[in-house]
file my_file.cif (mmCIF, C-alpha atoms)
data_query
loop_
_atom_site.label_atom_id
_atom_site.label_comp_id
_atom_site.auth_asym_id
_atom_site.auth_seq_id
_atom_site.Cartn_x
_atom_site.Cartn_y
_atom_site.Cartn_z
CA MET A 983 276.34 129.22 78.49
CA ASN A 984 276.64 127.77 82.01
CA VAL A 985 277.88 129.09 85.35
CA TRP A 986 281.36 127.66 84.78
CA ASN A 987 281.81 129.70 81.60
CA LEU A 988 280.69 133.09 82.90
CA LYS A 989 283.33 135.77 82.53
CA PRO A 990 283.58 139.05 84.46
CA GLY A 991 281.47 141.71 82.76
CA THR A 992 278.95 139.26 81.29
CA VAL A 993 275.32 140.39 81.56
CA ILE A 994 272.62 137.72 81.91
CA ARG A 995 268.83 137.75 82.00
CA ILE A 996 266.88 135.25 84.08
CA VAL A 997 264.37 133.44 81.83
CA LYS A 998 262.98 130.98 84.37
CA THR A 999 262.30 131.82 88.01
CA PHE A 1000 264.34 129.75 90.46
CA ARG A 1001 265.58 129.65 94.07
CA ASP A 1002 269.19 129.16 95.09
CA CYS A 1003 270.52 126.90 97.87
CA TYR A 1004 269.45 129.40 100.54
CA GLY A 1005 265.97 129.84 99.16
CA SER A 1006 266.50 133.28 97.63
CA GLU A 1007 264.23 133.76 94.62
CA PHE A 1008 265.47 135.09 91.30
CA ALA A 1009 262.53 136.03 89.12
CA ALA A 1010 262.33 135.72 85.37
CA GLY A 1011 263.25 138.94 83.57
CA ARG A 1012 265.82 140.05 86.14
CA ILE A 1013 269.08 141.42 84.70
CA LEU A 1014 272.32 140.59 86.49
CA HIS A 1015 275.88 141.80 85.84
CA PHE A 1016 278.41 139.05 86.61
CA THR A 1017 281.59 139.99 88.50
CA HIS A 1018 283.22 136.76 89.69
CA ARG A 1019 282.62 133.27 91.07
CA ASN A 1020 284.08 131.16 93.89
CA TYR A 1021 283.99 127.37 93.95
CA LEU A 1022 284.48 125.13 97.00
CA PRO A 1023 285.39 121.64 95.74
CA TYR A 1024 284.80 119.96 99.09
CA HIS A 1025 281.16 121.06 99.14
CA ALA A 1026 280.79 121.34 95.34
CA GLY A 1027 279.40 124.80 96.02
CA HIS A 1028 279.34 127.82 93.71
CA THR A 1029 279.14 131.36 95.05
CA VAL A 1030 278.24 133.46 92.01
CA TYR A 1031 278.68 137.20 92.49
CA PHE A 1032 276.76 139.79 90.50
CA GLN A 1033 276.62 143.55 90.99
CA GLU A 1034 272.98 143.24 92.02
CA ALA A 1035 272.98 140.02 94.09
CA THR A 1036 274.82 136.84 95.04
CA ILE A 1037 273.57 133.40 94.00
CA TYR A 1038 274.51 130.25 95.94
CA LEU A 1039 274.41 127.00 93.93
CA CYS A 1040 275.62 123.43 94.41
CA ASP A 1041 276.53 120.55 92.11
CA ASN A 1042 275.01 118.04 94.56
CA ASP A 1043 271.41 119.24 94.81
CA GLU A 1044 268.56 120.43 92.61
CA THR A 1045 270.36 123.73 91.89
CA SER A 1046 272.90 121.79 89.80
CA ALA A 1047 270.48 122.24 86.88
CA ILE A 1048 270.99 125.99 87.19
CA VAL A 1049 274.77 125.51 87.14
CA GLN A 1050 274.56 123.47 83.93
CA ASN A 1051 271.82 125.68 82.36
CA HIS A 1052 271.19 123.25 79.52
CA ASN A 1053 269.70 124.93 76.43
CA ASP A 1054 269.64 128.25 78.30
CA GLU A 1055 266.84 126.94 80.50
CA TYR A 1056 267.38 129.35 83.42
CA PHE A 1057 269.32 132.31 82.01
CA VAL A 1058 270.61 133.74 78.76
CA VAL A 1059 273.53 136.03 78.01
CA THR A 1060 272.48 139.47 76.86
CA ALA A 1061 275.91 141.13 76.69
CA LEU A 1062 279.46 139.84 76.63
CA PRO A 1063 282.31 141.60 78.47
CA ASP A 1064 284.51 144.12 76.74
CA SER A 1065 287.35 142.21 75.05
CA GLU A 1066 290.06 144.53 76.33
CA GLU A 1067 288.79 144.35 79.89
CA THR A 1068 288.51 140.57 79.65
CA ALA A 1069 292.07 140.31 78.40
CA ARG A 1070 293.27 142.49 81.26
CA GLN A 1071 291.43 140.41 83.85
CA GLN A 1072 292.66 137.16 82.33
CA GLN A 1073 296.22 138.49 82.38
CA SER A 1074 295.82 139.47 86.03
CA LEU A 1075 294.50 136.00 86.90
CA GLU A 1076 297.34 134.36 85.00
CA GLU A 1077 299.92 136.49 86.83
CA GLU A 1078 298.30 135.57 90.12
CA ARG A 1079 298.36 131.87 89.19
CA LEU A 1080 302.04 132.07 88.25
CA ARG A 1081 302.86 133.88 91.48
CA LEU A 1082 301.10 131.25 93.57
CA THR A 1083 302.73 128.43 91.60
CA SER A 1084 306.16 129.99 92.08
CA ALA A 1085 305.55 130.44 95.80
CA ALA A 1086 304.41 126.81 96.13
CA ARG A 1087 307.51 125.60 94.26
CA LYS A 1088 309.77 127.64 96.53
CA ARG A 1089 308.06 126.19 99.61
CA GLU A 1090 308.66 122.65 98.31
CA GLN A 1091 312.32 123.41 97.63
CA TYR A 1092 312.63 124.90 101.08
CA LYS A 1093 311.16 121.74 102.62
CA VAL A 1094 313.55 119.50 100.65
CA LEU A 1095 316.57 121.52 101.78
CA LEU A 1096 315.43 121.38 105.39
CA ALA A 1097 314.89 117.64 105.14
CA MET A 1098 318.42 117.17 103.77
CA LEU A 1099 319.78 119.35 106.56
CA ALA A 1100 317.91 117.27 109.15
CA VAL A 1101 319.37 114.02 107.76
CA ALA A 1102 322.90 115.48 107.71
CA ILE A 1103 322.59 116.63 111.32
CA ALA A 1104 321.22 113.21 112.28
CA PHE A 1105 324.32 111.51 110.80
CA CYS A 1106 326.63 113.96 112.54
CA VAL A 1107 325.00 113.16 115.87
CA ALA A 1108 324.19 109.47 115.53
CA ILE A 1109 327.54 108.22 114.17
CA PRO A 1110 329.74 109.67 116.97
CA LEU A 1111 327.15 108.55 119.50
CA GLY A 1112 327.27 105.05 118.01
CA PHE A 1113 331.05 104.85 118.34
CA TRP A 1114 330.77 106.02 121.95
CA LEU A 1115 328.19 103.31 122.68
CA ARG A 1116 330.40 100.71 120.99
CA THR A 1117 333.35 101.49 123.26
CA ARG A 1118 331.13 101.67 126.34
CA TYR A 1119 329.28 98.42 125.63
CA PRO A 1120 331.76 96.20 123.70
CA LYS A 1121 329.77 93.02 124.33
CA LEU A 1122 326.73 94.39 122.51
CA PRO A 1123 325.95 92.20 119.43
CA ASP A 1124 326.60 93.83 116.05
CA SER A 1125 322.98 93.39 114.94
CA THR A 1126 321.66 95.07 118.07
CA PHE A 1127 324.22 97.85 117.78
CA ALA A 1128 323.29 98.45 114.14
CA ALA A 1129 319.59 98.53 115.01
CA ILE A 1130 320.22 101.09 117.74
CA VAL A 1131 322.23 103.35 115.40
CA VAL A 1132 319.58 103.14 112.66
CA ALA A 1133 316.82 103.90 115.16
CA MET A 1134 318.76 106.90 116.44
CA LEU A 1135 319.25 108.16 112.88
CA PHE A 1136 315.56 107.94 112.13
CA ALA A 1137 314.53 109.47 115.46
CA ILE A 1138 316.93 112.40 115.19
CA ALA A 1139 316.12 113.03 111.53
CA LEU A 1140 312.34 112.91 112.07
CA GLY A 1141 312.58 115.08 115.18
CA LEU A 1142 314.61 117.72 113.35
CA MET A 1143 312.31 117.65 110.33
CA ARG A 1144 309.31 118.16 112.59
CA LEU A 1145 311.08 121.01 114.33
CA LEU A 1146 312.25 122.70 111.13
CA LEU A 1147 309.16 122.23 108.98
CA ARG A 1148 306.44 123.15 111.46
CA PRO A 1149 305.02 126.73 111.47
CA PHE A 1150 307.22 129.16 113.37
CA TRP A 1151 304.24 131.02 114.81
CA ARG A 1152 301.23 129.26 116.24
CA GLY A 1153 297.92 130.21 114.73
CA LYS A 1154 299.46 131.31 111.43
CA GLN A 1155 297.38 129.47 108.86
CA ARG A 1156 297.50 129.40 105.11
CA VAL A 1157 294.47 131.10 103.58
CA SER A 1158 293.14 129.72 100.33
CA LEU A 1159 292.99 131.97 97.28
CA SER A 1160 289.22 131.55 97.04
CA ALA A 1161 288.80 132.64 100.67
CA MET A 1162 290.92 135.75 100.11
CA ARG A 1163 288.92 136.63 97.01
CA ARG A 1164 285.67 136.07 98.88
CA GLU A 1165 286.70 138.37 101.75
CA ALA A 1166 287.98 141.01 99.35
CA ALA A 1167 284.79 140.92 97.33
CA THR A 1168 282.61 140.96 100.40
CA ASP A 1169 284.14 143.93 102.16
CA PRO A 1170 287.23 145.53 100.65
CA SER A 1171 287.51 148.41 103.11
CA PRO A 1172 288.97 148.31 106.62
CA GLU A 1173 285.76 149.55 108.13
CA GLY A 1174 283.97 146.34 107.15
CA SER A 1175 285.80 144.41 109.83
CA GLY A 1176 285.21 147.01 112.45
CA ASN A 1177 288.88 147.97 112.61
CA GLY A 1178 289.42 145.10 114.96
CA SER A 1179 287.08 146.45 117.62
CA ALA A 1180 284.26 143.91 117.14
CA GLN A 1181 283.82 141.22 119.74
CA ARG A 1182 285.29 137.89 118.61
CA THR A 1183 282.68 135.43 119.77
CA GLY A 1184 282.43 132.96 116.91
CA TYR A 1185 279.02 134.39 115.91
CA GLU A 1186 280.25 137.11 113.56
CA ILE A 1187 278.45 137.91 110.32
CA SER A 1188 280.05 139.84 107.49
CA LEU A 1189 278.90 143.16 106.11
CA GLU A 1190 277.76 141.33 102.96
CA ASP A 1191 275.67 138.99 105.13
CA LEU A 1192 273.97 141.99 106.74
CA ARG A 1193 273.30 143.49 103.31
CA ARG A 1194 271.64 140.27 102.27
CA LEU A 1195 269.53 140.11 105.42
CA VAL A 1196 268.36 143.66 104.77
CA SER A 1197 267.80 143.49 101.00
CA ASP A 1198 266.66 139.92 100.31
CA PRO A 1199 262.84 139.62 100.41
CA TYR A 1200 263.24 136.10 101.79
CA CYS A 1201 265.28 137.42 104.75
CA GLN A 1202 263.47 140.69 105.47
CA PRO A 1203 260.65 139.11 107.56
CA VAL A 1204 263.36 137.90 109.94
CA SER A 1205 265.74 140.87 109.99
CA ALA A 1206 263.14 143.66 110.06
CA PRO A 1207 261.65 142.77 113.49
CA LEU A 1208 265.14 142.58 115.00
CA LEU A 1209 266.12 146.04 113.77
CA GLN A 1210 262.76 147.42 114.86
CA ASP A 1211 263.11 146.00 118.38
CA TRP A 1212 266.73 146.98 118.82
CA TYR A 1213 266.93 150.43 117.26
CA GLY A 1214 263.48 151.38 116.01
CA TYR A 1215 264.69 151.07 112.43
CA LYS A 1216 262.57 150.07 109.44
CA ILE A 1217 263.53 148.41 106.16
CA GLU A 1218 262.16 150.00 103.00
CA GLY A 1219 262.39 148.51 99.53
CA GLN A 1220 263.89 145.26 98.32
CA GLY A 1221 267.01 144.14 96.49
CA PRO A 1222 269.34 146.96 95.35
CA ASN A 1223 266.72 149.55 96.38
CA ALA A 1224 266.49 148.35 99.98
CA ALA A 1225 267.40 150.85 102.69
CA VAL A 1226 267.33 150.94 106.49
CA ARG A 1227 265.77 154.09 107.90
CA SER A 1228 265.69 155.46 111.42
CA HIS A 1229 262.45 156.55 113.12
CA GLU A 1230 263.25 160.09 111.86
CA GLY A 1231 263.29 158.76 108.28
CA GLU A 1232 267.04 159.12 107.76
CA VAL A 1233 268.97 156.42 105.87
CA VAL A 1234 271.13 154.36 108.22
CA ASP A 1235 274.65 153.56 107.05
CA LEU A 1236 274.99 149.77 106.90
CA ARG A 1237 278.66 149.85 107.91
CA ASP A 1238 277.82 151.70 111.11
CA LEU A 1239 274.88 149.38 111.75
CA HIS A 1240 277.06 146.32 111.17
CA GLN A 1241 279.68 147.68 113.57
CA ARG A 1242 277.09 148.35 116.29
CA ILE A 1243 275.68 144.84 116.03
CA GLN A 1244 279.12 143.22 116.05
CA ASN A 1245 280.11 145.21 119.13
CA ASP A 1246 277.12 143.85 121.05
CA PRO A 1247 277.61 140.09 121.73
CA VAL A 1248 273.92 139.54 122.49
CA LYS A 1249 272.69 141.15 119.27
CA GLN A 1250 275.55 139.57 117.34
CA ARG A 1251 274.56 136.07 118.41
CA ALA A 1252 270.85 136.71 117.89
CA ILE A 1253 271.20 137.86 114.29
CA TYR A 1254 273.73 135.11 113.57
CA ASN A 1255 271.32 132.42 114.80
CA ARG A 1256 268.43 133.84 112.76
CA ALA A 1257 270.64 134.05 109.66
CA MET A 1258 271.72 130.43 110.07
CA ASP A 1259 268.06 129.39 110.43
CA LEU A 1260 267.44 130.99 107.04
CA TRP A 1261 270.51 129.79 105.19
CA ARG A 1262 271.07 126.24 106.48
#
call {"tool": "encode", "arguments": {"input": "my_file.cif", "output": "structure tokens"}}
result
Amino acid sequence: MNVWNLKPGTVIRIVKTFRDCYGSEFAAGRILHFTHRNYLPYHAGHTVYFQEATIYLCDNDETSAIVQNHNDEYFVVTALPDSEETARQQQSLEEERLRLTSAARKREQYKVLLAMLAVAIAFCVAIPLGFWLRTRYPKLPDSTFAAIVVAMLFAIALGLMRLLLRPFWRGKQRVSLSAMRREAATDPSPEGSGNGSAQRTGYEISLEDLRRLVSDPYCQPVSAPLLQDWYGYKIEGQGPNAAVRSHEGEVVDLRDLHQRIQNDPVKQRAIYNRAMDLWR
């Protein structure tokens, strides 16, 4: 079994301690429940999501051995997903694939129709304009006249195609399926984004990033001093048992903490820079 073949609901046990691309350690004996995986072809990167943690791997570095997992060197499967649940998830993925394929096909048909419309309009404009030029400049050589008409056809057609096929609203960008899944898996509720009230500075971190900074033993030496200095908070425990507590000993809600940090540009940039130092 390798990372490519993991299916939602699969349970694995780490048999050989390793570190992922960001240096997070996964000790032998740890049990993980697989939920889903994202793959970025450009970077050959795998983001492998489990209920207990997230593992970051890459096909282009030493962690590729973990991806391949030859002879179950790094992990073994201890439980396979329920067949009915697997079938349901596979059906959902297939429906999603068909929907995206259908949408892409419709976009291509739409582009072809617009291109044909642009060419038709170009003919309707260029031909009468050519006859007008012919009567106005009768001494113009036929070859030059033909070249002018052809150039006008191309110019008008290309201009109309650019006008018709470009996005109608600036800033509206197509979001990849993997990105949408990643955002949904990271923070499915509206509160995770701060309901739009967070400062947009370019130094935002997600709620999942904050969870990792708080729970990952590799990150805690960096995040704990920041929370102590800013709010007097302390981090107790590690991994799934990690919690942030106030100086009164009460558990701090991570969503509220994330919102407070994102609403403060200075703190937002500070924690972003420290996180990038850890994860680059």
call {"tool": "closest_residue", "arguments": {"input": "my_file.cif", "among": "A:Ile1217, A:Leu1096, A:Leu1140, A:Ile1187", "to": "Arg1256 (chain A)", "atoms": "all atoms listed in the file"}}
result
A:Ile1187
call {"tool": "resolve_selection", "arguments": {"input": "my_file.cif", "expression": "the PyMOL selection byres ((chain A and resi 1258) around 12)", "output": "list in words"}}
result
Tyr1004, Tyr1185, Glu1186, Ile1187, Asp1191, Leu1195, Cys1201, Val1204, Arg1251, Ala1252, Ile1253, Tyr1254, Asn1255, Arg1256, Ala1257, Asp1259, Leu1260, Trp1261 and Arg1262 of chain A
call {"tool": "closest_residue", "arguments": {"input": "my_file.cif", "among": "A:Val1058, A:His1052, A:Leu1111, A:Phe1008", "to": "Arg995 (chain A)", "atoms": "only C-alpha atoms"}}
result
A:Val1058
call {"tool": "closest_residue", "arguments": {"input": "my_file.cif", "among": "A:Thr1060, A:Gln1091, A:Asn987, A:Thr1017", "to": "Thr1036 (chain A)", "atoms": "only C-alpha atoms"}}
result
A:Thr1017
call {"tool": "closest_residue", "arguments": {"input": "my_file.cif", "among": "A:Gly1221, A:Gly1027, A:Pro1199, A:Gly1214", "to": "Ser1006 (chain A)", "atoms": "all atoms listed in the file"}}
result
A:Pro1199
call {"tool": "atom_distance", "arguments": {"input": "my_file.cif", "atom1": "CA of Pro1203 (chain A)", "atom2": "CA of Asp1246 (chain A)"}}
result
21.8 Å
call {"tool": "resolve_selection", "arguments": {"input": "my_file.cif", "expression": "the PyMOL selection byres ((chain A and resi 1105) around 12)", "output": "list in words"}}
result
Met1098, Leu1099, Ala1100, Val1101, Ala1102, Ile1103, Ala1104, Cys1106, Val1107, Ala1108, Ile1109, Pro1110, Leu1111, Gly1112, Val1131, Val1132, Ala1133, Met1134, Leu1135, Phe1136, Ala1137, Ile1138, Ala1139 and Leu1142 of chain A
call {"tool": "residues_around", "arguments": {"input": "my_file.cif", "residues": "Asn1223 (chain A)", "least_positions_apart": "4", "cutoff": "9 Å", "atoms": "only C-alpha atoms", "output": "list in words"}}
result
Ser1197, Glu1218 and Gly1219 of chain A
call {"tool": "atom_distance", "arguments": {"input": "my_file.cif", "atom1": "CA of Glu1232 (chain A)", "atom2": "CA of Phe1032 (chain A)"}}
result
27.7 Å
call {"tool": "closest_residue", "arguments": {"input": "my_file.cif", "among": "A:Leu1236, A:Met1143, A:Met983, A:Ile1243", "to": "Asn1053 (chain A)", "atoms": "only C-alpha atoms"}}
result
A:Met983
call {"tool": "build_atoms", "arguments": {"input": "my_file.cif", "residues": "region 1191-1209 of chain A", "atoms": "N, CA and C atoms", "output": "PDB file, keeping the file's coordinate frame"}}
result
ATOM      1  N   ASP A1191     276.779 139.744 104.562  1.00  0.00           N
ATOM      2  CA  ASP A1191     275.670 138.990 105.130  1.00  0.00           C
ATOM      3  C   ASP A1191     274.564 139.924 105.615  1.00  0.00           C
ATOM      4  N   LEU A1192     274.967 141.032 106.263  1.00  0.00           N
ATOM      5  CA  LEU A1192     273.970 141.990 106.740  1.00  0.00           C
ATOM      6  C   LEU A1192     273.233 142.624 105.565  1.00  0.00           C
ATOM      7  N   ARG A1193     273.956 142.929 104.493  1.00  0.00           N
ATOM      8  CA  ARG A1193     273.300 143.490 103.310  1.00  0.00           C
ATOM      9  C   ARG A1193     272.255 142.527 102.774  1.00  0.00           C
ATOM     10  N   ARG A1194     272.599 141.248 102.773  1.00  0.00           N
ATOM     11  CA  ARG A1194     271.640 140.270 102.270  1.00  0.00           C
ATOM     12  C   ARG A1194     270.427 140.164 103.181  1.00  0.00           C
ATOM     13  N   LEU A1195     270.651 140.177 104.485  1.00  0.00           N
ATOM     14  CA  LEU A1195     269.530 140.110 105.420  1.00  0.00           C
ATOM     15  C   LEU A1195     268.594 141.300 105.256  1.00  0.00           C
ATOM     16  N   VAL A1196     269.164 142.444 104.902  1.00  0.00           N
ATOM     17  CA  VAL A1196     268.360 143.660 104.770  1.00  0.00           C
ATOM     18  C   VAL A1196     267.657 143.733 103.421  1.00  0.00           C
ATOM     19  N   SER A1197     268.320 143.265 102.351  1.00  0.00           N
ATOM     20  CA  SER A1197     267.800 143.490 101.000  1.00  0.00           C
ATOM     21  C   SER A1197     267.013 142.318 100.426  1.00  0.00           C
ATOM     22  N   ASP A1198     267.304 141.113 100.878  1.00  0.00           N
ATOM     23  CA  ASP A1198     266.660 139.920 100.310  1.00  0.00           C
ATOM     24  C   ASP A1198     265.230 139.806 100.833  1.00  0.00           C
ATOM     25  N   PRO A1199     264.230 139.753  99.951  1.00  0.00           N
ATOM     26  CA  PRO A1199     262.840 139.620 100.410  1.00  0.00           C
ATOM     27  C   PRO A1199     262.604 138.378 101.263  1.00  0.00           C
ATOM     28  N   TYR A1200     263.376 137.333 101.009  1.00  0.00           N
ATOM     29  CA  TYR A1200     263.240 136.100 101.790  1.00  0.00           C
ATOM     30  C   TYR A1200     263.723 136.299 103.226  1.00  0.00           C
ATOM     31  N   CYS A1201     264.694 137.207 103.422  1.00  0.00           N
ATOM     32  CA  CYS A1201     265.280 137.420 104.750  1.00  0.00           C
ATOM     33  C   CYS A1201     264.626 138.568 105.521  1.00  0.00           C
ATOM     34  N   GLN A1202     264.009 139.493 104.818  1.00  0.00           N
ATOM     35  CA  GLN A1202     263.470 140.690 105.470  1.00  0.00           C
ATOM     36  C   GLN A1202     262.471 140.396 106.585  1.00  0.00           C
ATOM     37  N   PRO A1203     261.578 139.386 106.452  1.00  0.00           N
ATOM     38  CA  PRO A1203     260.650 139.110 107.560  1.00  0.00           C
ATOM     39  C   PRO A1203     261.349 138.710 108.858  1.00  0.00           C
ATOM     40  N   VAL A1204     262.593 138.269 108.747  1.00  0.00           N
ATOM     41  CA  VAL A1204     263.360 137.900 109.940  1.00  0.00           C
ATOM     42  C   VAL A1204     264.173 139.072 110.463  1.00  0.00           C
ATOM     43  N   SER A1205     264.844 139.790 109.565  1.00  0.00           N
ATOM     44  CA  SER A1205     265.740 140.870 109.990  1.00  0.00           C
ATOM     45  C   SER A1205     264.985 142.128 110.407  1.00  0.00           C
ATOM     46  N   ALA A1206     263.863 142.420 109.754  1.00  0.00           N
ATOM     47  CA  ALA A1206     263.140 143.660 110.060  1.00  0.00           C
ATOM     48  C   ALA A1206     262.665 143.743 111.504  1.00  0.00           C
ATOM     49  N   PRO A1207     262.073 142.676 112.080  1.00  0.00           N
ATOM     50  CA  PRO A1207     261.650 142.770 113.490  1.00  0.00           C
ATOM     51  C   PRO A1207     262.822 142.978 114.452  1.00  0.00           C
ATOM     52  N   LEU A1208     263.977 142.394 114.135  1.00  0.00           N
ATOM     53  CA  LEU A1208     265.140 142.580 115.000  1.00  0.00           C
ATOM     54  C   LEU A1208     265.575 144.041 115.022  1.00  0.00           C
ATOM     55  N   LEU A1209     265.693 144.634 113.837  1.00  0.00           N
ATOM     56  CA  LEU A1209     266.120 146.040 113.770  1.00  0.00           C
ATOM     57  C   LEU A1209     265.079 146.960 114.387  1.00  0.00           C
TER      58      LEU A1209
END
